[in-house]
file upload.txt (compact mmCIF, C-alpha atoms)
# COMPACT_ATOMS: atom_id res chain seq x y z
CA LYS A 1171 -55.74 -17.07 18.10
CA GLN A 1172 -55.65 -16.21 14.41
CA GLU A 1173 -59.03 -16.27 12.71
CA VAL A 1174 -59.53 -15.94 8.97
CA THR A 1175 -62.87 -14.90 7.50
CA GLN A 1176 -64.06 -15.03 3.94
CA ILE A 1177 -67.40 -13.45 3.08
CA PRO A 1178 -69.63 -14.21 1.25
CA ALA A 1179 -69.52 -18.00 1.35
CA ALA A 1180 -70.78 -18.21 -2.23
CA LEU A 1181 -70.86 -15.95 -5.25
CA SER A 1182 -72.43 -16.28 -8.69
CA VAL A 1183 -71.46 -13.94 -11.51
CA PRO A 1184 -71.92 -13.81 -15.31
CA GLU A 1185 -68.98 -14.59 -17.52
CA GLY A 1186 -66.72 -11.63 -18.29
CA GLU A 1187 -67.26 -9.81 -15.01
CA ASN A 1188 -64.31 -8.57 -12.98
CA LEU A 1189 -64.64 -9.62 -9.38
CA VAL A 1190 -63.05 -9.26 -5.98
CA LEU A 1191 -62.87 -11.93 -3.29
CA ASN A 1192 -62.22 -10.72 0.23
CA CYS A 1193 -60.26 -12.23 3.09
CA SER A 1194 -59.80 -10.79 6.57
CA PHE A 1195 -57.63 -11.96 9.45
CA THR A 1196 -57.50 -10.96 13.10
CA ASP A 1197 -53.76 -11.07 13.86
CA SER A 1198 -51.73 -8.75 11.64
CA ALA A 1199 -48.42 -10.36 12.67
CA ILE A 1200 -48.29 -12.58 9.63
CA TYR A 1201 -45.32 -14.02 7.78
CA ASN A 1202 -47.16 -14.48 4.51
CA LEU A 1203 -50.57 -15.05 2.98
CA GLN A 1204 -51.47 -17.54 0.31
CA TRP A 1205 -54.49 -17.87 -1.98
CA PHE A 1206 -55.60 -21.31 -3.13
CA ARG A 1207 -58.14 -22.74 -5.49
CA GLN A 1208 -59.98 -26.00 -4.82
CA ASP A 1209 -62.02 -27.83 -7.44
CA PRO A 1210 -64.67 -30.31 -6.23
CA GLY A 1211 -63.12 -33.54 -4.99
CA LYS A 1212 -59.59 -32.25 -5.52
CA GLY A 1213 -56.73 -30.93 -3.46
CA LEU A 1214 -55.69 -27.29 -3.19
CA THR A 1215 -53.82 -25.50 -5.95
CA SER A 1216 -51.62 -22.56 -4.96
CA LEU A 1217 -52.54 -19.39 -6.85
CA LEU A 1218 -50.52 -16.59 -5.26
CA LEU A 1219 -48.20 -16.12 -2.30
CA ILE A 1220 -47.74 -12.66 -0.77
CA GLN A 1221 -44.94 -12.04 1.70
CA SER A 1222 -45.70 -9.71 4.62
CA SER A 1223 -43.44 -7.04 3.12
CA GLN A 1224 -45.30 -7.05 -0.19
CA ARG A 1225 -48.45 -5.19 -1.17
CA GLU A 1226 -49.53 -7.29 -4.14
CA GLN A 1227 -48.76 -10.17 -6.44
CA THR A 1228 -49.98 -10.84 -9.95
CA SER A 1229 -50.34 -13.96 -12.05
CA GLY A 1230 -52.15 -13.72 -15.34
CA ARG A 1231 -55.74 -12.56 -14.71
CA LEU A 1232 -55.26 -12.82 -10.94
CA ASN A 1233 -54.05 -10.07 -8.65
CA ALA A 1234 -53.83 -10.40 -4.88
CA SER A 1235 -53.30 -7.47 -2.55
CA LEU A 1236 -52.36 -7.37 1.10
CA ASP A 1237 -53.03 -4.71 3.72
CA LYS A 1238 -51.45 -6.10 6.85
CA SER A 1239 -52.35 -3.22 9.13
CA SER A 1240 -56.05 -3.59 8.44
CA GLY A 1241 -55.90 -7.39 8.32
CA ARG A 1242 -57.21 -7.70 4.78
CA SER A 1243 -56.38 -9.31 1.48
CA THR A 1244 -58.29 -9.29 -1.77
CA LEU A 1245 -58.08 -11.57 -4.79
CA TYR A 1246 -59.04 -9.78 -8.00
CA ILE A 1247 -60.08 -11.92 -10.96
CA ALA A 1248 -60.26 -10.10 -14.28
CA ALA A 1249 -62.63 -11.09 -17.07
CA SER A 1250 -64.00 -14.14 -15.26
CA GLN A 1251 -64.57 -17.38 -17.20
CA PRO A 1252 -66.67 -20.49 -16.45
CA GLY A 1253 -63.39 -22.33 -15.83
CA ASP A 1254 -62.78 -20.06 -12.86
CA SER A 1255 -65.67 -21.74 -11.04
CA ALA A 1256 -64.17 -23.27 -7.89
CA THR A 1257 -63.74 -22.60 -4.18
CA TYR A 1258 -61.14 -19.98 -3.34
CA LEU A 1259 -59.40 -20.13 0.03
CA CYS A 1260 -57.02 -17.75 1.68
CA ALA A 1261 -54.59 -18.82 4.37
CA VAL A 1262 -52.19 -16.94 6.61
CA ARG A 1263 -48.98 -18.00 8.26
CA LEU A 1264 -48.05 -16.26 11.51
CA VAL A 1265 -44.71 -14.55 11.99
CA THR A 1266 -43.85 -17.02 14.74
CA GLY A 1267 -42.16 -19.20 12.21
CA ALA A 1268 -41.45 -19.23 8.49
CA ASN A 1269 -42.76 -22.78 8.41
CA SER A 1270 -45.50 -22.48 10.98
CA LYS A 1271 -48.96 -23.75 10.12
CA LEU A 1272 -51.34 -22.05 7.73
CA THR A 1273 -54.69 -20.93 9.13
CA PHE A 1274 -57.46 -21.09 6.55
CA GLY A 1275 -60.68 -19.28 5.90
CA LYS A 1276 -63.70 -21.42 4.97
CA GLY A 1277 -63.49 -20.33 1.35
CA ILE A 1278 -65.71 -18.62 -1.21
CA THR A 1279 -67.44 -20.87 -3.73
CA LEU A 1280 -67.48 -19.04 -7.05
CA SER A 1281 -69.77 -19.90 -9.92
CA VAL A 1282 -69.22 -18.14 -13.24
CA ARG A 1283 -72.28 -18.45 -15.50
CA PRO A 1284 -71.72 -18.73 -19.27
CA GLY B 1237 -41.28 -35.95 -7.18
CA ALA B 1238 -43.05 -33.25 -9.14
CA GLY B 1239 -45.75 -32.72 -6.55
CA VAL B 1240 -47.05 -33.91 -3.20
CA SER B 1241 -48.28 -37.46 -3.52
CA GLN B 1242 -50.82 -39.07 -1.20
CA SER B 1243 -52.00 -42.63 -1.02
CA PRO B 1244 -54.46 -44.18 -1.08
CA SER B 1245 -56.74 -41.71 -2.84
CA ASN B 1246 -59.77 -43.39 -1.33
CA LYS B 1247 -60.11 -45.62 1.70
CA VAL B 1248 -63.22 -47.30 3.06
CA THR B 1249 -62.81 -48.95 6.43
CA GLU B 1250 -64.98 -50.51 9.06
CA LYS B 1251 -65.52 -48.75 12.36
CA GLY B 1252 -62.92 -49.85 14.87
CA LYS B 1253 -60.20 -50.70 12.35
CA ASP B 1254 -56.87 -48.90 12.11
CA VAL B 1255 -55.86 -47.01 8.97
CA GLU B 1256 -52.61 -45.57 7.65
CA LEU B 1257 -52.46 -42.66 5.25
CA ARG B 1258 -49.26 -41.84 3.40
CA CYS B 1259 -47.79 -38.58 2.18
CA ASP B 1260 -44.74 -38.17 -0.04
CA PRO B 1261 -43.73 -34.47 -0.08
CA ILE B 1262 -41.93 -32.51 -2.76
CA SER B 1263 -38.24 -33.34 -2.76
CA GLY B 1264 -36.25 -30.87 -0.67
CA HIS B 1265 -39.22 -29.60 1.34
CA THR B 1266 -38.38 -29.95 5.01
CA ALA B 1267 -41.77 -28.79 6.31
CA LEU B 1268 -44.78 -31.10 6.04
CA TYR B 1269 -48.34 -30.58 7.24
CA TRP B 1270 -51.48 -32.69 7.69
CA TYR B 1271 -54.94 -31.14 7.47
CA ARG B 1272 -58.44 -32.58 7.59
CA GLN B 1273 -61.42 -31.34 5.59
CA SER B 1274 -64.84 -32.60 6.62
CA LEU B 1275 -67.89 -32.24 4.38
CA GLY B 1276 -68.87 -28.60 4.18
CA GLN B 1277 -66.21 -27.61 6.70
CA GLY B 1278 -63.00 -25.66 6.46
CA LEU B 1279 -59.50 -27.05 6.64
CA GLU B 1280 -58.58 -28.23 10.12
CA PHE B 1281 -54.87 -28.31 11.01
CA LEU B 1282 -53.66 -31.58 12.50
CA ILE B 1283 -49.86 -31.64 12.74
CA TYR B 1284 -46.71 -30.02 11.35
CA PHE B 1285 -43.30 -31.63 10.83
CA GLN B 1286 -39.97 -29.89 10.47
CA GLY B 1287 -37.64 -32.62 9.32
CA ASN B 1288 -38.54 -35.68 11.37
CA SER B 1289 -39.72 -33.79 14.44
CA ALA B 1290 -43.20 -32.41 15.08
CA PRO B 1291 -42.99 -28.96 16.72
CA ASP B 1292 -46.74 -28.51 16.49
CA LYS B 1293 -49.15 -31.39 16.96
CA SER B 1294 -51.81 -29.26 18.59
CA GLY B 1295 -54.50 -30.16 16.06
CA LEU B 1296 -54.57 -33.91 16.59
CA PRO B 1297 -58.14 -34.47 17.80
CA SER B 1298 -57.50 -37.43 20.09
CA ASP B 1299 -54.87 -39.95 21.10
CA ARG B 1300 -56.23 -42.27 18.41
CA PHE B 1301 -54.40 -40.05 15.91
CA SER B 1302 -50.65 -40.20 15.46
CA ALA B 1303 -48.17 -39.32 12.75
CA GLU B 1304 -44.55 -39.90 12.00
CA ARG B 1305 -42.06 -38.85 9.42
CA THR B 1306 -38.93 -40.73 8.49
CA GLY B 1307 -35.81 -39.69 6.60
CA GLY B 1308 -37.15 -36.15 6.43
CA SER B 1309 -39.41 -37.32 3.65
CA VAL B 1310 -42.41 -39.65 3.73
CA SER B 1311 -44.99 -39.18 6.47
CA THR B 1312 -47.67 -41.56 7.71
CA LEU B 1313 -50.82 -40.51 9.55
CA THR B 1314 -52.31 -43.35 11.57
CA ILE B 1315 -55.84 -43.42 12.95
CA GLN B 1316 -56.53 -46.20 15.43
CA ARG B 1317 -59.96 -47.61 16.21
CA THR B 1318 -61.61 -45.47 13.56
CA GLN B 1319 -64.96 -43.82 14.27
CA GLN B 1320 -67.56 -42.53 11.84
CA GLU B 1321 -66.70 -38.95 12.73
CA ASP B 1322 -63.20 -39.59 11.35
CA SER B 1323 -64.70 -39.69 7.85
CA ALA B 1324 -63.16 -36.78 5.95
CA VAL B 1325 -60.61 -35.87 3.33
CA TYR B 1326 -57.10 -35.87 4.76
CA LEU B 1327 -54.79 -33.44 2.99
CA CYS B 1328 -51.03 -33.28 3.17
CA ALA B 1329 -48.89 -30.29 2.20
CA SER B 1330 -45.21 -29.44 2.08
CA SER B 1331 -43.56 -26.02 2.03
CA SER B 1332 -40.65 -24.69 0.07
CA PRO B 1333 -37.72 -23.47 2.19
CA PRO B 1334 -37.70 -19.96 3.69
CA PRO B 1335 -38.09 -17.16 2.90
CA TYR B 1336 -40.71 -18.00 0.27
CA THR B 1337 -42.47 -20.71 2.21
CA GLU B 1338 -45.11 -21.57 -0.35
CA ALA B 1339 -47.30 -24.53 0.57
CA PHE B 1340 -48.21 -27.18 -1.99
CA PHE B 1341 -50.97 -29.70 -1.36
CA GLY B 1342 -51.54 -33.26 -2.43
CA GLN B 1343 -54.84 -34.52 -3.84
CA GLY B 1344 -55.92 -35.90 -0.50
CA THR B 1345 -57.14 -39.22 0.85
CA ARG B 1346 -60.90 -39.55 1.18
CA LEU B 1347 -61.54 -41.70 4.25
CA THR B 1348 -64.96 -43.24 4.78
CA VAL B 1349 -65.66 -45.13 7.99
CA VAL B 1350 -68.67 -47.42 7.75
call {"tool": "encode", "arguments": {"input": "upload.txt", "output": "structure tokens"}}
result
Amino acid sequence: KQEVTQIPAALSVPEGENLVLNCSFTDSAIYNLQWFRQDPGKGLTSLLLIQSSQREQTSGRLNASLDKSSGRSTLYIAASQPGDSATYLCAVRLVTGANSKLTFGKGITLSVRP
Amino acid sequence: GAGVSQSPSNKVTEKGKDVELRCDPISGHTALYWYRQSLGQGLEFLIYFQGNSAPDKSGLPSDRFSAERTGGSVSTLTIQRTQQEDSAVYLCASSSPPPYTEAFFGQGTRLTVV
């Protein structure tokens, strides 16, 4: 059974800091991995999708890396801003099917202090 | 539509009543998923549709829960004889076609059973 872990559960940083959010998964046979952002009371917003054959993806100040063999992904946020405050979730999709379910971590709640 | 649409956004119901939650996926997305998010908990997978069939319904917590999808589009999640422990946010997602099966979520339906 695939398990996804995100530690720590919460993080508070001052504005402007570069930070790394970690995600680990137990089954390396993944099809892809996706990072999401969730604001309080809202749905999930897709940030980055990494296919199993890729090592990283970038979008603006965000960079996600994937190391399948070690079962790890990191989300790097450059020059953090108060507007980045949210919960960040990673999710993996097993190789059993391109459209198989996503298994989620519990998320990291990020607070960026002005 | 432009995004995944869910209705209603909020639903308060009395214990023992039946409720129906609706999801309208992104046009052209054949895969559709239902998840549940309880207060302070992670996302719990409920069911996955490919077209109108459900290859994976392993997450439905009891036989009071059922879902259907018609025309390869709109899906309805039905909870019969609601209990207080059913109170949660119910999230729907759809995925773009392979190979880049990126999942997009709706804003969710907040269900409160009183």
call {"tool": "closest_atom_pairs", "arguments": {"input": "upload.txt", "of": "chain B", "to": "chain A", "cutoff": "12 Å", "atoms": "only C-alpha atoms", "output": "JSON lines"}}
result
{"residue": "B:Gly1239", "atom": "CA", "partner": "A:Thr1215", "partner_atom": "CA", "distance": 10.8}
{"residue": "B:Val1240", "atom": "CA", "partner": "A:Gly1213", "partner_atom": "CA", "distance": 10.1}
{"residue": "B:Ser1241", "atom": "CA", "partner": "A:Gly1213", "partner_atom": "CA", "distance": 10.7}
{"residue": "B:Gln1242", "atom": "CA", "partner": "A:Gly1213", "partner_atom": "CA", "distance": 10.3}
{"residue": "B:Ser1245", "atom": "CA", "partner": "A:Lys1212", "partner_atom": "CA", "distance": 10.2}
{"residue": "B:Asn1246", "atom": "CA", "partner": "A:Gly1211", "partner_atom": "CA", "distance": 11.0}
{"residue": "B:His1265", "atom": "CA", "partner": "A:Asn1269", "partner_atom": "CA", "distance": 10.4}
{"residue": "B:Thr1266", "atom": "CA", "partner": "A:Asn1269", "partner_atom": "CA", "distance": 9.1}
{"residue": "B:Ala1267", "atom": "CA", "partner": "A:Asn1269", "partner_atom": "CA", "distance": 6.4}
{"residue": "B:Leu1268", "atom": "CA", "partner": "A:Asn1269", "partner_atom": "CA", "distance": 8.9}
{"residue": "B:Tyr1269", "atom": "CA", "partner": "A:Lys1271", "partner_atom": "CA", "distance": 7.4}
{"residue": "B:Trp1270", "atom": "CA", "partner": "A:Lys1271", "partner_atom": "CA", "distance": 9.6}
{"residue": "B:Tyr1271", "atom": "CA", "partner": "A:Leu1272", "partner_atom": "CA", "distance": 9.8}
{"residue": "B:Arg1272", "atom": "CA", "partner": "A:Gly1213", "partner_atom": "CA", "distance": 11.3}
{"residue": "B:Gln1273", "atom": "CA", "partner": "A:Lys1276", "partner_atom": "CA", "distance": 10.2}
{"residue": "B:Ser1274", "atom": "CA", "partner": "A:Lys1276", "partner_atom": "CA", "distance": 11.4}
{"residue": "B:Leu1275", "atom": "CA", "partner": "A:Gly1211", "partner_atom": "CA", "distance": 10.6}
{"residue": "B:Gly1276", "atom": "CA", "partner": "A:Lys1276", "partner_atom": "CA", "distance": 8.9}
{"residue": "B:Gln1277", "atom": "CA", "partner": "A:Lys1276", "partner_atom": "CA", "distance": 6.9}
{"residue": "B:Gly1278", "atom": "CA", "partner": "A:Lys1276", "partner_atom": "CA", "distance": 4.5}
{"residue": "B:Leu1279", "atom": "CA", "partner": "A:Phe1274", "partner_atom": "CA", "distance": 6.3}
{"residue": "B:Glu1280", "atom": "CA", "partner": "A:Phe1274", "partner_atom": "CA", "distance": 8.1}
{"residue": "B:Phe1281", "atom": "CA", "partner": "A:Lys1271", "partner_atom": "CA", "distance": 7.5}
{"residue": "B:Leu1282", "atom": "CA", "partner": "A:Lys1271", "partner_atom": "CA", "distance": 9.4}
{"residue": "B:Ile1283", "atom": "CA", "partner": "A:Lys1271", "partner_atom": "CA", "distance": 8.4}
{"residue": "B:Tyr1284", "atom": "CA", "partner": "A:Lys1271", "partner_atom": "CA", "distance": 6.8}
{"residue": "B:Phe1285", "atom": "CA", "partner": "A:Asn1269", "partner_atom": "CA", "distance": 9.2}
{"residue": "B:Gln1286", "atom": "CA", "partner": "A:Asn1269", "partner_atom": "CA", "distance": 7.9}
{"residue": "B:Gly1287", "atom": "CA", "partner": "A:Asn1269", "partner_atom": "CA", "distance": 11.1}
{"residue": "B:Ala1290", "atom": "CA", "partner": "A:Ser1270", "partner_atom": "CA", "distance": 11.0}
{"residue": "B:Pro1291", "atom": "CA", "partner": "A:Ser1270", "partner_atom": "CA", "distance": 9.0}
{"residue": "B:Asp1292", "atom": "CA", "partner": "A:Lys1271", "partner_atom": "CA", "distance": 8.3}
{"residue": "B:Lys1293", "atom": "CA", "partner": "A:Lys1271", "partner_atom": "CA", "distance": 10.3}
{"residue": "B:Ser1294", "atom": "CA", "partner": "A:Lys1271", "partner_atom": "CA", "distance": 10.5}
{"residue": "B:Gly1295", "atom": "CA", "partner": "A:Lys1271", "partner_atom": "CA", "distance": 10.3}
{"residue": "B:Ala1324", "atom": "CA", "partner": "A:Gly1211", "partner_atom": "CA", "distance": 11.4}
{"residue": "B:Val1325", "atom": "CA", "partner": "A:Gly1211", "partner_atom": "CA", "distance": 9.0}
{"residue": "B:Tyr1326", "atom": "CA", "partner": "A:Gly1213", "partner_atom": "CA", "distance": 9.6}
{"residue": "B:Leu1327", "atom": "CA", "partner": "A:Gly1213", "partner_atom": "CA", "distance": 7.2}
{"residue": "B:Cys1328", "atom": "CA", "partner": "A:Gly1213", "partner_atom": "CA", "distance": 9.1}
{"residue": "B:Ala1329", "atom": "CA", "partner": "A:Leu1214", "partner_atom": "CA", "distance": 9.2}
{"residue": "B:Ser1330", "atom": "CA", "partner": "A:Asn1269", "partner_atom": "CA", "distance": 9.5}
{"residue": "B:Ser1331", "atom": "CA", "partner": "A:Asn1269", "partner_atom": "CA", "distance": 7.2}
{"residue": "B:Ser1332", "atom": "CA", "partner": "A:Asn1269", "partner_atom": "CA", "distance": 8.8}
{"residue": "B:Pro1333", "atom": "CA", "partner": "A:Asn1269", "partner_atom": "CA", "distance": 8.0}
{"residue": "B:Pro1334", "atom": "CA", "partner": "A:Ala1268", "partner_atom": "CA", "distance": 6.1}
{"residue": "B:Pro1335", "atom": "CA", "partner": "A:Ala1268", "partner_atom": "CA", "distance": 6.8}
{"residue": "B:Tyr1336", "atom": "CA", "partner": "A:Gln1221", "partner_atom": "CA", "distance": 7.4}
{"residue": "B:Thr1337", "atom": "CA", "partner": "A:Ala1268", "partner_atom": "CA", "distance": 6.5}
{"residue": "B:Glu1338", "atom": "CA", "partner": "A:Leu1219", "partner_atom": "CA", "distance": 6.6}
{"residue": "B:Ala1339", "atom": "CA", "partner": "A:Ser1216", "partner_atom": "CA", "distance": 7.3}
{"residue": "B:Phe1340", "atom": "CA", "partner": "A:Ser1216", "partner_atom": "CA", "distance": 6.5}
{"residue": "B:Phe1341", "atom": "CA", "partner": "A:Leu1214", "partner_atom": "CA", "distance": 5.6}
{"residue": "B:Gly1342", "atom": "CA", "partner": "A:Gly1213", "partner_atom": "CA", "distance": 5.8}
{"residue": "B:Gln1343", "atom": "CA", "partner": "A:Gly1213", "partner_atom": "CA", "distance": 4.1}
{"residue": "B:Gly1344", "atom": "CA", "partner": "A:Gly1213", "partner_atom": "CA", "distance": 5.8}
{"residue": "B:Thr1345", "atom": "CA", "partner": "A:Gly1213", "partner_atom": "CA", "distance": 9.4}
{"residue": "B:Arg1346", "atom": "CA", "partner": "A:Gly1211", "partner_atom": "CA", "distance": 8.9}
call {"tool": "residues_around", "arguments": {"input": "upload.txt", "residues": "Gly1230 of chain A", "least_positions_apart": "3", "cutoff": "10 Å", "atoms": "all atoms listed in the file", "output": "ChimeraX atom specification"}}
result
/A:1233,1247-1248
call {"tool": "residues_around", "arguments": {"input": "upload.txt", "residues": "segment 1252-1259 of chain B", "least_positions_apart": "3", "cutoff": "6 Å", "atoms": "all atoms listed in the file", "output": "mmCIF file with C-alpha atoms, in the frame of the given file"}}
result
data_model
loop_
_atom_site.group_PDB
_atom_site.id
_atom_site.type_symbol
_atom_site.label_atom_id
_atom_site.label_comp_id
_atom_site.auth_asym_id
_atom_site.auth_seq_id
_atom_site.Cartn_x
_atom_site.Cartn_y
_atom_site.Cartn_z
ATOM 1 C CA SER B 1241 -48.280 -37.460 -3.520
ATOM 2 C CA GLN B 1242 -50.820 -39.070 -1.200
ATOM 3 C CA SER B 1243 -52.000 -42.630 -1.020
ATOM 4 C CA VAL B 1310 -42.410 -39.650 3.730
ATOM 5 C CA SER B 1311 -44.990 -39.180 6.470
ATOM 6 C CA THR B 1312 -47.670 -41.560 7.710
ATOM 7 C CA LEU B 1313 -50.820 -40.510 9.550
ATOM 8 C CA THR B 1314 -52.310 -43.350 11.570
ATOM 9 C CA ILE B 1315 -55.840 -43.420 12.950
ATOM 10 C CA GLN B 1316 -56.530 -46.200 15.430
ATOM 11 C CA ARG B 1317 -59.960 -47.610 16.210
ATOM 12 C CA THR B 1318 -61.610 -45.470 13.560
#
call {"tool": "atom_distance", "arguments": {"input": "upload.txt", "atom1": "atom CA of Leu1189 of chain A", "atom2": "atom CA of Ala1234 of chain A"}}
result
11.7 Å
call {"tool": "atom_distance", "arguments": {"input": "upload.txt", "atom1": "atom CA of Ser1240 of chain A", "atom2": "atom CA of Gln1172 of chain A"}}
result
14.0 Å
call {"tool": "atom_distance", "arguments": {"input": "upload.txt", "atom1": "atom CA of Gln1176 of chain A", "atom2": "atom CA of Phe1301 of chain B"}}
result
29.4 Å
call {"tool": "residues_near_point", "arguments": {"input": "upload.txt", "point": "(-54.4, -14.6, -14.3)", "cutoff": "12 Å", "atoms": "all atoms listed in the file", "output": "list in words"}}
result
Asn1188, Leu1217, Leu1218, Gln1227, Thr1228, Ser1229, Gly1230, Arg1231, Leu1232, Asn1233, Ala1234, Leu1245, Tyr1246, Ile1247, Ala1248, Ala1249, Ser1250, Gln1251, Gly1253 and Asp1254 of chain A
call {"tool": "residues_around", "arguments": {"input": "upload.txt", "residues": "segment 1248-1250 of chain B", "least_positions_apart": "5", "cutoff": "6 Å", "atoms": "only C-alpha atoms", "output": "PyMOL selection string"}}
result
chain B and resi 1347-1350
call {"tool": "closest_residue", "arguments": {"input": "upload.txt", "among": "A:Gly1241, A:Pro1210, A:Ile1177, A:Arg1225", "to": "Val1190 of chain A", "atoms": "only C-alpha atoms"}}
result
A:Ile1177
call {"tool": "residues_near_point", "arguments": {"input": "upload.txt", "point": "(-73.0, -15.0, -4.9)", "cutoff": "9 Å", "atoms": "all atoms listed in the file", "output": "compact mmCIF listing (two decimals) with C-alpha atoms, in the coordinates of the input"}}
result
# COMPACT_ATOMS: atom_id res chain seq x y z
CA PRO A 1178 -69.63 -14.21 1.25
CA ALA A 1179 -69.52 -18.00 1.35
CA ALA A 1180 -70.78 -18.21 -2.23
CA LEU A 1181 -70.86 -15.95 -5.25
CA SER A 1182 -72.43 -16.28 -8.69
CA VAL A 1183 -71.46 -13.94 -11.51
CA ILE A 1278 -65.71 -18.62 -1.21
CA THR A 1279 -67.44 -20.87 -3.73
CA LEU A 1280 -67.48 -19.04 -7.05
CA SER A 1281 -69.77 -19.90 -9.92
call {"tool": "build_atoms", "arguments": {"input": "upload.txt", "residues": "segment 1189-1205 of chain A", "atoms": "N, CA and C atoms", "output": "PDB file, keeping the file's coordinate frame"}}
result
ATOM      1  N   LEU A1189     -64.119  -9.437 -10.723  1.00  0.00           N
ATOM      2  CA  LEU A1189     -64.640  -9.620  -9.380  1.00  0.00           C
ATOM      3  C   LEU A1189     -63.525  -9.618  -8.337  1.00  0.00           C
ATOM      4  N   VAL A1190     -63.959  -9.363  -7.118  1.00  0.00           N
ATOM      5  CA  VAL A1190     -63.050  -9.260  -5.980  1.00  0.00           C
ATOM      6  C   VAL A1190     -63.506 -10.202  -4.876  1.00  0.00           C
ATOM      7  N   LEU A1191     -62.601 -11.036  -4.419  1.00  0.00           N
ATOM      8  CA  LEU A1191     -62.870 -11.930  -3.290  1.00  0.00           C
ATOM      9  C   LEU A1191     -62.109 -11.400  -2.080  1.00  0.00           C
ATOM     10  N   ASN A1192     -62.805 -11.321  -0.968  1.00  0.00           N
ATOM     11  CA  ASN A1192     -62.220 -10.720   0.230  1.00  0.00           C
ATOM     12  C   ASN A1192     -61.798 -11.747   1.259  1.00  0.00           C
ATOM     13  N   CYS A1193     -60.774 -11.399   2.003  1.00  0.00           N
ATOM     14  CA  CYS A1193     -60.260 -12.230   3.090  1.00  0.00           C
ATOM     15  C   CYS A1193     -59.830 -11.292   4.207  1.00  0.00           C
ATOM     16  N   SER A1194     -60.245 -11.592   5.433  1.00  0.00           N
ATOM     17  CA  SER A1194     -59.800 -10.790   6.570  1.00  0.00           C
ATOM     18  C   SER A1194     -59.233 -11.701   7.648  1.00  0.00           C
ATOM     19  N   PHE A1195     -58.276 -11.181   8.397  1.00  0.00           N
ATOM     20  CA  PHE A1195     -57.630 -11.960   9.450  1.00  0.00           C
ATOM     21  C   PHE A1195     -57.447 -11.092  10.677  1.00  0.00           C
ATOM     22  N   THR A1196     -57.448 -11.723  11.846  1.00  0.00           N
ATOM     23  CA  THR A1196     -57.500 -10.960  13.100  1.00  0.00           C
ATOM     24  C   THR A1196     -56.120 -10.570  13.630  1.00  0.00           C
ATOM     25  N   ASP A1197     -55.106 -11.347  13.357  1.00  0.00           N
ATOM     26  CA  ASP A1197     -53.760 -11.070  13.860  1.00  0.00           C
ATOM     27  C   ASP A1197     -52.901 -10.581  12.710  1.00  0.00           C
ATOM     28  N   SER A1198     -52.477  -9.331  12.763  1.00  0.00           N
ATOM     29  CA  SER A1198     -51.730  -8.750  11.640  1.00  0.00           C
ATOM     30  C   SER A1198     -50.259  -9.179  11.617  1.00  0.00           C
ATOM     31  N   ALA A1199     -49.819  -9.913  12.625  1.00  0.00           N
ATOM     32  CA  ALA A1199     -48.420 -10.360  12.670  1.00  0.00           C
ATOM     33  C   ALA A1199     -48.241 -11.606  11.819  1.00  0.00           C
ATOM     34  N   ILE A1200     -48.368 -11.427  10.515  1.00  0.00           N
ATOM     35  CA  ILE A1200     -48.290 -12.580   9.630  1.00  0.00           C
ATOM     36  C   ILE A1200     -46.944 -12.628   8.923  1.00  0.00           C
ATOM     37  N   TYR A1201     -46.551 -13.824   8.550  1.00  0.00           N
ATOM     38  CA  TYR A1201     -45.320 -14.020   7.780  1.00  0.00           C
ATOM     39  C   TYR A1201     -45.623 -13.927   6.296  1.00  0.00           C
ATOM     40  N   ASN A1202     -46.691 -14.598   5.887  1.00  0.00           N
ATOM     41  CA  ASN A1202     -47.160 -14.480   4.510  1.00  0.00           C
ATOM     42  C   ASN A1202     -48.614 -14.896   4.413  1.00  0.00           C
ATOM     43  N   LEU A1203     -49.188 -14.683   3.258  1.00  0.00           N
ATOM     44  CA  LEU A1203     -50.570 -15.050   2.980  1.00  0.00           C
ATOM     45  C   LEU A1203     -50.614 -15.730   1.621  1.00  0.00           C
ATOM     46  N   GLN A1204     -51.423 -16.769   1.543  1.00  0.00           N
ATOM     47  CA  GLN A1204     -51.470 -17.540   0.310  1.00  0.00           C
ATOM     48  C   GLN A1204     -52.920 -17.725  -0.111  1.00  0.00           C
ATOM     49  N   TRP A1205     -53.177 -17.598  -1.412  1.00  0.00           N
ATOM     50  CA  TRP A1205     -54.490 -17.870  -1.980  1.00  0.00           C
ATOM     51  C   TRP A1205     -54.429 -19.209  -2.713  1.00  0.00           C
TER      52      TRP A1205
END
